[in-house]
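Q: For reference, this is structure_5.txt, and it has compact mmCIF, C-alpha atoms.
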```txt
# COMPACT_ATOMS: atom_id res chain seq x y z
CA MET U 90 84.01 119.62 106.06
CA ASP U 91 83.05 119.79 109.72
CA SER U 92 85.94 121.39 111.65
CA LYS U 93 84.74 120.27 115.08
CA PRO U 94 86.67 117.45 116.79
CA PHE U 95 85.23 114.02 116.21
CA ALA U 96 83.90 111.92 119.05
CA PRO U 97 86.20 109.02 120.01
CA GLY U 98 85.67 106.09 117.66
CA VAL U 99 84.12 108.17 114.86
CA ARG U 100 86.01 107.64 111.60
CA LEU U 101 85.81 109.53 108.34
CA PHE U 102 86.37 108.62 104.69
CA ALA U 103 86.53 111.68 102.41
CA SER U 104 86.80 112.01 98.65
CA THR U 105 85.85 114.11 95.66
CA PRO U 106 82.14 113.77 94.75
CA ARG U 107 82.91 113.21 91.05
CA TYR U 108 85.93 111.72 89.27
CA TYR U 109 85.96 111.65 85.45
CA GLN U 110 88.65 109.78 83.51
CA GLY U 111 89.05 108.97 79.85
CA PRO U 112 90.13 110.25 76.43
CA ASP U 113 88.91 113.82 75.80
CA ALA U 114 87.35 114.11 79.28
CA LEU U 115 88.36 117.79 79.16
CA ASP U 116 85.44 118.37 76.79
CA ARG U 117 83.10 117.86 79.75
CA LEU U 118 84.58 120.75 81.75
CA PRO U 119 82.00 123.45 80.89
CA GLY U 120 79.11 121.10 81.63
CA ILE U 121 80.64 120.00 84.91
CA CYS U 122 81.20 123.61 85.97
CA ALA U 123 77.70 124.76 84.95
CA PRO U 124 75.78 123.54 88.03
CA LEU U 125 78.64 124.55 90.33
CA ALA U 126 79.22 128.15 89.27
CA ARG U 127 78.05 131.11 87.28
CA LYS U 128 81.58 132.19 86.34
CA PRO U 129 84.57 129.88 86.93
CA ALA U 130 88.18 131.05 87.01
CA ILE U 131 90.50 128.58 85.25
CA VAL U 132 94.09 128.74 86.51
CA VAL U 133 96.10 127.09 83.73
CA ASP U 134 99.77 126.23 83.58
CA ALA U 135 101.18 128.67 81.01
CA ASP U 136 102.76 125.90 78.93
CA VAL U 137 99.54 123.87 78.97
CA LEU U 138 97.56 126.96 77.98
CA ALA U 139 99.72 127.33 74.88
CA LEU U 140 98.54 123.85 73.83
CA THR U 141 94.92 124.00 74.98
CA GLY U 142 93.96 127.68 74.89
CA ALA U 143 92.06 127.48 71.61
CA ARG U 144 90.29 124.33 72.78
CA LEU U 145 89.20 125.96 76.04
CA ALA U 146 87.95 129.04 74.18
CA LYS U 147 85.87 126.84 71.89
CA LEU U 148 84.53 124.74 74.76
CA PHE U 149 83.35 127.70 76.84
CA GLY U 150 82.30 129.90 73.93
CA GLU U 151 80.17 132.74 75.27
CA ARG U 152 79.77 131.22 78.74
CA PRO U 153 81.21 133.52 81.43
CA HIS U 154 84.67 132.36 82.50
CA LEU U 155 88.10 133.74 83.33
CA ILE U 156 91.42 132.29 82.15
CA LEU U 157 94.41 132.94 84.44
CA PRO U 158 97.79 131.69 83.14
CA PHE U 159 100.18 130.50 85.85
CA SER U 160 103.94 129.97 85.88
CA GLY U 161 106.66 130.02 88.49
CA GLU U 162 106.65 128.84 92.10
CA VAL U 163 103.57 128.28 94.26
CA THR U 164 104.40 131.11 96.64
CA LEU U 165 102.15 132.86 99.13
CA PRO U 166 102.24 136.15 97.14
CA ALA U 167 101.35 134.31 93.92
CA MET U 168 98.30 132.72 95.54
CA ILE U 169 97.23 136.03 97.07
CA ASP U 170 97.49 137.76 93.68
CA LEU U 171 95.33 135.09 92.05
CA ALA U 172 92.72 135.36 94.82
CA ASP U 173 92.64 139.16 94.52
CA THR U 174 91.98 138.89 90.78
CA MET U 175 89.22 136.35 91.41
CA ARG U 176 87.48 138.69 93.82
CA LEU U 177 87.72 141.58 91.38
CA GLU U 178 86.30 139.43 88.59
CA ALA U 179 83.51 138.05 90.82
CA VAL U 180 84.17 134.40 89.98
CA ASP U 181 82.50 131.73 92.08
CA LEU U 182 84.56 128.56 91.37
CA VAL U 183 88.26 127.87 90.84
CA VAL U 184 89.51 125.34 88.29
CA GLY U 185 93.16 124.31 88.36
CA MET U 186 94.54 122.85 85.13
CA GLY U 187 98.04 121.55 84.47
CA GLY U 188 100.70 119.93 86.62
CA GLY U 189 101.12 120.05 90.37
CA LYS U 190 102.13 123.70 90.56
CA ALA U 191 99.11 125.04 88.70
CA LEU U 192 96.78 122.81 90.71
CA ASP U 193 98.31 123.88 94.03
CA ALA U 194 98.27 127.56 93.05
CA ALA U 195 94.58 127.24 92.15
CA LYS U 196 93.86 125.42 95.40
CA GLY U 197 95.66 128.08 97.43
CA ALA U 198 93.78 130.85 95.66
CA ALA U 199 90.50 129.04 96.31
CA ILE U 200 91.33 128.93 100.02
CA ARG U 201 91.99 132.67 100.10
CA ALA U 202 88.96 133.59 98.00
CA ASP U 203 86.76 131.17 100.00
CA LEU U 204 85.70 129.25 96.88
CA ASN U 205 85.31 125.59 95.98
CA PHE U 206 87.60 124.12 93.34
CA VAL U 207 87.87 121.60 90.49
CA THR U 208 91.09 120.00 89.27
CA VAL U 209 92.10 119.07 85.72
CA PRO U 210 95.51 117.36 85.84
CA THR U 211 97.39 117.15 82.54
CA VAL U 212 100.08 114.82 83.93
CA ALA U 213 99.81 111.83 86.28
CA SER U 214 102.93 112.64 88.32
CA ASN U 215 101.29 112.65 91.77
CA ASP U 216 97.97 112.41 93.61
CA SER U 217 97.48 116.11 94.43
CA PRO U 218 94.47 116.43 92.06
CA ILE U 219 92.39 114.42 94.57
CA SER U 220 93.74 116.11 97.67
CA MET U 221 92.61 118.97 99.91
CA GLY U 222 96.22 119.90 100.67
CA LEU U 223 98.99 121.86 99.00
CA ALA U 224 102.58 122.88 99.67
CA ALA U 225 103.57 126.55 99.49
CA TYR U 226 107.17 127.40 98.58
CA ASP U 227 109.52 130.35 98.52
CA ASP U 228 111.24 131.52 95.33
CA HIS U 229 114.02 128.97 95.89
CA HIS U 230 111.58 126.02 95.98
CA ARG U 231 111.82 125.55 99.76
CA VAL U 232 108.61 124.56 101.52
CA VAL U 233 107.32 127.36 103.76
CA ALA U 234 103.82 126.08 104.58
CA ILE U 235 101.42 123.17 104.18
CA GLU U 236 97.86 124.36 103.65
CA THR U 237 94.53 122.53 103.52
CA HIS U 238 91.26 123.44 101.87
CA SER U 239 88.12 122.67 103.84
CA ARG U 240 86.92 120.28 101.12
CA ASN U 241 88.19 117.92 98.49
CA PRO U 242 87.71 119.13 94.91
CA GLU U 243 84.13 119.24 93.68
CA ALA U 244 85.24 117.30 90.61
CA VAL U 245 88.43 115.83 89.16
CA ILE U 246 88.63 115.65 85.36
CA VAL U 247 91.39 113.42 83.95
CA ASP U 248 91.78 113.61 80.18
CA THR U 249 93.89 110.54 79.47
CA ARG U 250 94.63 111.59 75.90
CA LEU U 251 96.32 114.73 77.21
CA ILE U 252 98.20 112.74 79.86
CA ALA U 253 99.26 110.09 77.33
CA GLY U 254 100.99 112.82 75.33
CA ALA U 255 103.03 114.09 78.29
CA PRO U 256 106.69 113.05 78.69
CA ALA U 257 107.01 109.55 80.18
CA ARG U 258 109.07 110.86 83.11
CA PHE U 259 105.91 112.40 84.60
CA LEU U 260 104.10 109.07 84.68
CA LEU U 261 107.17 107.39 86.14
CA ALA U 262 107.28 109.95 88.97
CA GLY U 263 103.60 109.27 89.63
CA ILE U 264 104.29 105.54 89.86
CA GLY U 265 107.09 106.23 92.33
CA ASP U 266 104.73 108.26 94.51
CA ALA U 267 101.84 105.79 94.27
CA VAL U 268 103.71 102.50 94.67
CA ALA U 269 104.51 103.42 98.28
CA LYS U 270 100.93 104.05 99.39
CA LYS U 271 100.11 100.44 100.32
CA PHE U 272 103.12 100.14 102.60
CA GLU U 273 102.67 103.59 104.10
CA ALA U 274 99.03 102.76 104.79
CA GLU U 275 100.09 99.59 106.59
CA ALA U 276 102.71 101.52 108.57
CA SER U 277 100.28 104.26 109.58
CA LEU U 278 97.75 101.69 110.77
CA ARG U 279 100.42 99.73 112.65
CA ASP U 280 102.19 102.73 114.21
CA GLY U 281 99.11 104.63 115.41
CA GLY U 282 98.97 107.23 112.67
CA LEU U 283 95.82 109.11 111.72
CA THR U 284 94.26 110.08 108.41
CA ALA U 285 94.54 113.57 106.93
CA HIS U 286 91.17 114.19 108.63
CA PHE U 287 92.64 113.26 112.03
CA THR U 288 90.57 110.14 112.58
CA ARG U 289 91.49 106.48 112.67
CA GLN U 290 91.32 104.57 109.40
CA LEU U 291 88.39 102.78 107.83
CA ARG U 292 89.05 99.48 106.06
CA THR U 293 87.89 100.86 102.72
CA ALA U 294 90.99 103.03 102.32
CA GLY U 295 93.26 100.06 103.04
CA TYR U 296 91.63 98.07 100.28
CA ILE U 297 92.18 100.99 97.91
CA ALA U 298 95.85 101.16 98.92
CA ASP U 299 96.23 97.44 98.18
CA GLY U 300 94.52 97.91 94.81
CA CYS U 301 96.81 100.82 93.99
CA TYR U 302 99.90 98.66 94.46
CA SER U 303 98.54 95.61 92.61
CA THR U 304 97.42 97.79 89.67
CA ILE U 305 100.88 99.34 89.34
CA ARG U 306 102.65 96.00 89.55
CA GLU U 307 100.32 94.44 86.96
CA HIS U 308 100.23 97.30 84.45
CA GLY U 309 103.25 99.50 85.22
CA GLU U 310 105.61 98.25 82.53
CA ALA U 311 103.02 98.33 79.76
CA ALA U 312 101.87 101.78 80.88
CA MET U 313 105.41 103.12 80.70
CA ALA U 314 105.73 101.72 77.16
CA ALA U 315 102.64 103.73 76.16
CA ALA U 316 103.59 106.94 78.00
CA GLY U 317 104.37 109.82 75.68
CA THR U 318 102.70 108.26 72.65
CA GLY U 319 99.43 110.19 72.94
CA GLU U 320 97.46 106.95 72.91
CA PRO U 321 95.78 106.02 76.23
CA THR U 322 95.99 102.22 76.25
CA ASP U 323 94.17 100.08 78.82
CA ALA U 324 97.38 99.70 80.82
CA LEU U 325 97.98 103.44 80.79
CA GLU U 326 94.39 104.11 81.87
CA ALA U 327 94.86 101.67 84.77
CA VAL U 328 98.07 103.28 86.00
CA ILE U 329 96.73 106.83 85.64
CA GLU U 330 93.81 105.78 87.85
CA ALA U 331 96.25 104.29 90.38
CA ASN U 332 98.58 107.31 90.35
CA ILE U 333 95.83 109.88 90.83
CA LEU U 334 92.63 108.40 92.27
CA MET U 335 93.73 105.35 94.24
CA ALA U 336 96.91 106.94 95.60
CA GLY U 337 95.10 110.12 96.62
CA LEU U 338 92.26 108.36 98.39
CA SER U 339 94.76 106.09 100.11
CA PHE U 340 97.07 108.75 101.51
CA GLU U 341 94.32 111.07 102.78
CA ASN U 342 92.29 108.28 104.31
CA MET U 343 95.10 106.08 105.65
CA GLY U 344 98.17 108.22 106.37
CA LEU U 345 101.82 108.26 105.35
CA GLY U 346 105.04 106.69 106.60
CA LEU U 347 108.81 106.75 106.29
CA ALA U 348 108.73 106.68 102.47
CA HIS U 349 107.28 110.19 102.41
CA ALA U 350 109.22 111.34 105.47
CA MET U 351 112.43 110.56 103.57
CA THR U 352 111.61 113.33 101.10
CA ARG U 353 112.25 115.88 103.86
CA GLY U 354 115.89 114.84 103.94
CA LEU U 355 116.31 114.29 100.22
CA VAL U 356 115.06 117.76 99.27
CA ARG U 357 117.76 119.20 101.53
CA THR U 358 120.57 117.22 99.90
CA ALA U 359 122.50 118.79 97.03
CA VAL U 360 122.05 117.22 93.58
CA VAL U 361 119.47 114.72 94.88
CA ASP U 362 117.11 117.62 95.59
CA ARG U 363 116.57 118.09 91.84
CA ALA U 364 114.89 114.71 91.36
CA PRO U 365 111.07 114.60 91.13
CA HIS U 366 109.06 114.05 94.31
CA GLY U 367 107.96 110.62 93.12
CA PHE U 368 111.57 109.51 92.69
CA HIS U 369 112.29 110.58 96.27
CA VAL U 370 109.29 108.60 97.53
CA ALA U 371 110.25 105.50 95.54
CA TYR U 372 113.73 105.53 97.07
CA GLY U 373 112.21 106.28 100.48
CA LEU U 374 110.01 103.20 100.17
CA LEU U 375 113.05 100.96 99.84
CA VAL U 376 114.46 102.51 103.02
CA GLN U 377 111.13 102.01 104.78
CA LEU U 378 110.88 98.35 103.79
CA VAL U 379 114.40 97.64 105.03
CA ALA U 380 113.74 99.50 108.29
CA GLU U 381 110.61 97.40 108.80
CA GLY U 382 112.56 94.18 108.33
CA ARG U 383 110.56 93.04 105.32
CA ALA U 384 111.51 89.77 103.59
CA GLU U 385 114.62 89.97 101.42
CA ALA U 386 112.86 88.32 98.48
CA MET U 387 110.06 90.89 98.59
CA ILE U 388 112.49 93.83 98.61
CA ASP U 389 114.60 92.33 95.83
CA ASP U 390 111.47 91.78 93.74
CA LEU U 391 110.46 95.43 94.11
CA ILE U 392 114.00 96.61 93.29
CA ASP U 393 113.87 94.54 90.10
CA PHE U 394 110.56 96.16 89.19
CA TYR U 395 112.21 99.55 89.70
CA ARG U 396 115.00 98.48 87.34
CA ARG U 397 112.59 97.44 84.63
CA ILE U 398 110.61 100.68 84.61
CA GLY U 399 113.40 103.11 85.53
CA LEU U 400 112.74 104.14 89.15
CA PRO U 401 115.82 104.98 91.26
CA ARG U 402 117.26 102.21 93.41
CA SER U 403 120.04 104.25 94.99
CA LEU U 404 121.23 107.76 95.72
CA ILE U 405 123.54 107.10 92.77
CA GLU U 406 120.51 106.89 90.49
CA LEU U 407 119.16 110.02 92.17
CA GLY U 408 122.25 111.84 90.93
CA LEU U 409 125.14 111.43 93.40
CA ASP U 410 128.55 110.38 92.09
CA ALA U 411 129.42 108.45 95.25
CA ILE U 412 127.81 107.57 98.58
CA GLU U 413 129.42 108.91 101.74
CA ARG U 414 128.25 108.12 105.24
CA LYS U 415 128.04 111.83 106.06
CA THR U 416 125.44 112.20 103.31
CA LEU U 417 123.30 109.45 104.83
CA VAL U 418 123.64 111.06 108.27
CA HIS U 419 122.59 114.42 106.81
CA VAL U 420 119.49 112.94 105.16
CA ALA U 421 118.46 111.00 108.28
CA ALA U 422 118.92 114.02 110.55
CA ASN U 423 116.59 116.10 108.39
CA VAL U 424 114.02 113.29 108.36
CA THR U 425 113.91 112.97 112.14
CA GLN U 426 114.20 116.67 112.99
CA ALA U 427 111.48 117.93 110.66
CA PRO U 428 108.06 118.41 112.29
CA ALA U 429 105.92 115.25 112.06
CA GLY U 430 102.15 115.41 111.75
CA ALA U 431 99.62 112.95 113.06
CA TYR U 432 99.29 111.38 109.61
CA LEU U 433 103.05 111.11 109.05
CA VAL U 434 104.47 108.88 111.77
CA VAL U 435 108.24 108.22 111.82
CA PRO U 436 108.99 105.61 114.53
CA TYR U 437 112.72 105.37 113.72
CA THR U 438 115.84 107.02 115.07
CA ALA U 439 118.35 108.72 112.81
CA ASP U 440 120.77 105.82 113.36
CA GLU U 441 118.12 103.31 112.28
CA ILE U 442 117.43 105.30 109.13
CA VAL U 443 121.14 105.52 108.32
CA ALA U 444 121.44 101.74 108.76
CA ALA U 445 118.48 101.15 106.44
CA MET U 446 119.96 103.51 103.82
CA GLN U 447 123.30 101.70 104.03
CA ASN U 448 121.48 98.43 103.39
CA VAL U 449 119.73 99.88 100.33
CA GLU U 450 122.95 101.37 98.96
CA ALA U 451 124.86 98.12 99.53
CA ARG U 452 122.32 96.28 97.38
CA PHE U 453 123.03 98.71 94.55
CA ALA U 454 126.81 99.01 95.03
CA PRO U 455 127.78 95.90 93.00
CA ILE U 456 125.84 97.32 90.04
CA ALA U 457 127.20 100.84 90.41
CA GLY U 458 130.76 99.63 91.04
CA ASP U 459 130.87 101.94 94.05
CA ALA U 460 130.95 101.55 97.80
CA ILE U 461 129.83 103.54 100.80
CA HIS U 462 132.76 105.68 101.87
CA ALA U 463 133.43 106.31 105.53
```
Go ahead and render the structure in this file as C-alpha cells.
A:
Amino acid sequence: MDSKPFAPGVRLFASTPRYYQGPDALDRLPGICAPLARKPAIVVDADVLALTGARLAKLFGERPHLILPFSGEVTLPAMIDLADTMRLEAVDLVVGMGGGKALDAAKGAAIRADLNFVTVPTVASNDSPISMGLAAYDDHHRVVAIETHSRNPEAVIVDTRLIAGAPARFLLAGIGDAVAKKFEAEASLRDGGLTAHFTRQLRTAGYIADGCYSTIREHGEAAMAAAGTGEPTDALEAVIEANILMAGLSFENMGLGLAHAMTRGLVRTAVVDRAPHGFHVAYGLLVQLVAEGRAEAMIDDLIDFYRRIGLPRSLIELGLDAIERKTLVHVAANVTQAPAGAYLVVPYTADEIVAAMQNVEARFAPIAGDAIHA
C-alpha cells in the first residue's frame, strides 16, 4: 500500500484480493499459494496442527513448503524467531492457520521477513483474518504494541466445516465483536474518525457495516444452534461471513468507537479480563449506545438478543460477583487515558462513561438480584 500521505479528499477502500468460504475450502490452499510463492511457510496453531497435520501433508505432497507449529503468546521475540526461521528456509510467503494468535504471529513474522501473507482461520471469533493489523503482547498477555502490515492478506481461506466443529463459544465471541461494527461505523463517521488507512470513509464500507448487523440479527440464533456440530448450515455460513469478512472490511474502512475503546478498561480489570475480546466488545456496545442516547426500545431489543444467544449484558455476566462504583471508575479511567488513534475516537469523559455503565448495570440488576454499591 502507498505510504505517502493522501491528498485532501482522497479516500481509500482496502480489502483482501481473494476471499474463499465454504466446506472444505482448506483443500484449495496449495493451489491458492502456487501463483503467489515457490515455498510457503505455514504457521499453524499447535492444537490445530494435531487435527490437520496429516491433511496438510497430503494436500501439499511433494510441493515445497514449511510447517511451523505455534503456541503461546504473540510476543515480539516469538515473531522474530519465526521470521529468522523463514529467512533461513528461504520461504517467500507466510500462511497463518488457526485462531487469532497463530494468525497474528504469522502476520508479525511476515512483517519482519518482508513477505506477503495468507490467512486460514479455523474459528470465527474475530475479524483479524481480513486485517492488516495485529496486537503484540508480553508473556502476561498485556498489549505492548499494535503493528500493521503494508497490505491486507493476499487471500483469506475460510473452511466452514472446520469452523463448524469448533466450540460454540468462539462463534459467540465473533458475534460479540461483529455486532458492534455498524454502530462504531456510525460513530466514527459522526465524530470525525478516520479509517485504518487514515482517510475519510467511503459509503461502501457503511453499507457493509449495516449488512453485518442485519445478517447477525437475522441468522445469529440459528447459527449458534449449529455451532459445534461440524455441519455448516446456511445460517452458520451467513454468520461466519459476517464475523470475518463483513466485520473486518467495516472496521478497517470505517473506524471504531466506544465499544472497542471499552476493551482497554476491561482488560485491566481483574476477573473481567479473562473474558474473550468479543464479549468485552459486546458489553462495550451497550455502554456506547447508552452514552449516545439511543432509544430505550432499541437498546432493550439488543439486550434481549444478547440474552437469547448468550452474550454478556453486565459485568456480572463477565464474571464479577458484584458491581461497585470504584470498578466502573477504574474501567472508565483506563478507557479515557489510553492512547486513542485516529480510527478510534472516544468523545466521552470518564464521568460520562461511568454514567453509561451505571445505566447498563441498572438494567441488569433486577435479573441479577444485585445493585451497584457505592
Q: Can you tell me, as number ranges by chain, what residues are no more than 7 Å from segment 237-240 of chain U when counting all atoms listed in the file, ignoring any on the same chain fewer than 4 positions away?
A: U: 90, 200, 221-223
Q: Counting only C-alpha atoms, which of U:Cys301, U:Leu115, U:Leu260, U:Ala194 gets nearest to Thr141 of chain U?
A: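 Nearest candidate to Thr141 of chain U out of U:Cys301, U:Leu115, U:Leu260, U:Ala194: U:Leu115.
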Q: Find the spatial neighbours of Thr284 of chain U, counting all atoms listed in the file, within a cut-off of 9 Å - ignore same-chain residues fewer than 6 positions away - and output them as a list in words.
A: Leu101, Phe102, Ser277, Gln290, Phe340, Glu341, Asn342, Met343, Gly344, Leu345, Ala431, Tyr432 and Leu433 of chain U
Q: Tell me which of U:Leu148, U:Ala454, U:Leu204, U:Val370 sits closest to Glu243 of chain U, counting only C-alpha atoms.
A: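 For Glu243 of chain U, the nearest of the given residues is U:Leu204.
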Q: Would you mind listing what lies within 10 Å of Leu192 of chain U as an MDAnalysis selection string, with all atoms listed in the file counted and same-chain residues fewer than 3 positions away left out?
A: chainID U and resid 132:134 159 163 183:189 195:198 206:211 217:218 223
Q: Ranking U:Pro401, U:Pro242, U:Gly120, U:Gly373 by minimum distance to Leu355 of chain U and counting only C-alpha atoms, which one comes first?
A: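 Selected residue with least distance to Leu355 of chain U: U:Gly373.
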Q: Please determine, counting only C-alpha atoms, which residue among U:Ala331, U:Gly399, U:Val435, U:Ala294 has the shortest atom-to-atom distance to Met351 of chain U.
A: U:Val435
Q: Would you mind completing segment 223-236 of chain U to N, CA and C atoms and writing the output as an mmCIF file, in the coordinates of the input?
A:
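So the final result, stored in result15.cif, reads:
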```cif
data_model
loop_
_atom_site.group_PDB
_atom_site.id
_atom_site.type_symbol
_atom_site.label_atom_id
_atom_site.label_comp_id
_atom_site.auth_asym_id
_atom_site.auth_seq_id
_atom_site.Cartn_x
_atom_site.Cartn_y
_atom_site.Cartn_z
ATOM 1 N N LEU U 223 98.015 121.311 99.932
ATOM 2 C CA LEU U 223 98.990 121.860 99.000
ATOM 3 C C LEU U 223 100.225 122.283 99.789
ATOM 4 N N ALA U 224 101.341 122.371 99.080
ATOM 5 C CA ALA U 224 102.580 122.880 99.670
ATOM 6 C C ALA U 224 102.887 124.237 99.073
ATOM 7 N N ALA U 225 103.162 125.217 99.936
ATOM 8 C CA ALA U 225 103.570 126.550 99.490
ATOM 9 C C ALA U 225 105.085 126.657 99.618
ATOM 10 N N TYR U 226 105.714 127.317 98.645
ATOM 11 C CA TYR U 226 107.170 127.400 98.580
ATOM 12 C C TYR U 226 107.633 128.854 98.560
ATOM 13 N N ASP U 227 108.935 129.046 98.785
ATOM 14 C CA ASP U 227 109.520 130.350 98.520
ATOM 15 C C ASP U 227 110.080 130.339 97.095
ATOM 16 N N ASP U 228 110.744 131.416 96.709
ATOM 17 C CA ASP U 228 111.240 131.520 95.330
ATOM 18 C C ASP U 228 112.377 130.557 95.031
ATOM 19 N N HIS U 229 112.929 129.930 96.078
ATOM 20 C CA HIS U 229 114.020 128.970 95.890
ATOM 21 C C HIS U 229 113.528 127.531 96.020
ATOM 22 N N HIS U 230 112.218 127.339 95.917
ATOM 23 C CA HIS U 230 111.580 126.020 95.980
ATOM 24 C C HIS U 230 111.818 125.328 97.331
ATOM 25 N N ARG U 231 111.772 126.108 98.409
ATOM 26 C CA ARG U 231 111.820 125.550 99.760
ATOM 27 C C ARG U 231 110.425 125.662 100.366
ATOM 28 N N VAL U 232 109.953 124.567 100.947
ATOM 29 C CA VAL U 232 108.610 124.560 101.520
ATOM 30 C C VAL U 232 108.527 125.537 102.685
ATOM 31 N N VAL U 233 107.512 126.401 102.659
ATOM 32 C CA VAL U 233 107.320 127.360 103.760
ATOM 33 C C VAL U 233 106.014 127.104 104.505
ATOM 34 N N ALA U 234 105.095 126.345 103.899
ATOM 35 C CA ALA U 234 103.820 126.080 104.580
ATOM 36 C C ALA U 234 103.105 124.919 103.896
ATOM 37 N N ILE U 235 102.347 124.170 104.695
ATOM 38 C CA ILE U 235 101.420 123.170 104.180
ATOM 39 C C ILE U 235 100.021 123.664 104.494
ATOM 40 N N GLU U 236 99.205 123.819 103.467
ATOM 41 C CA GLU U 236 97.860 124.360 103.650
ATOM 42 C C GLU U 236 96.815 123.320 103.254
#
```
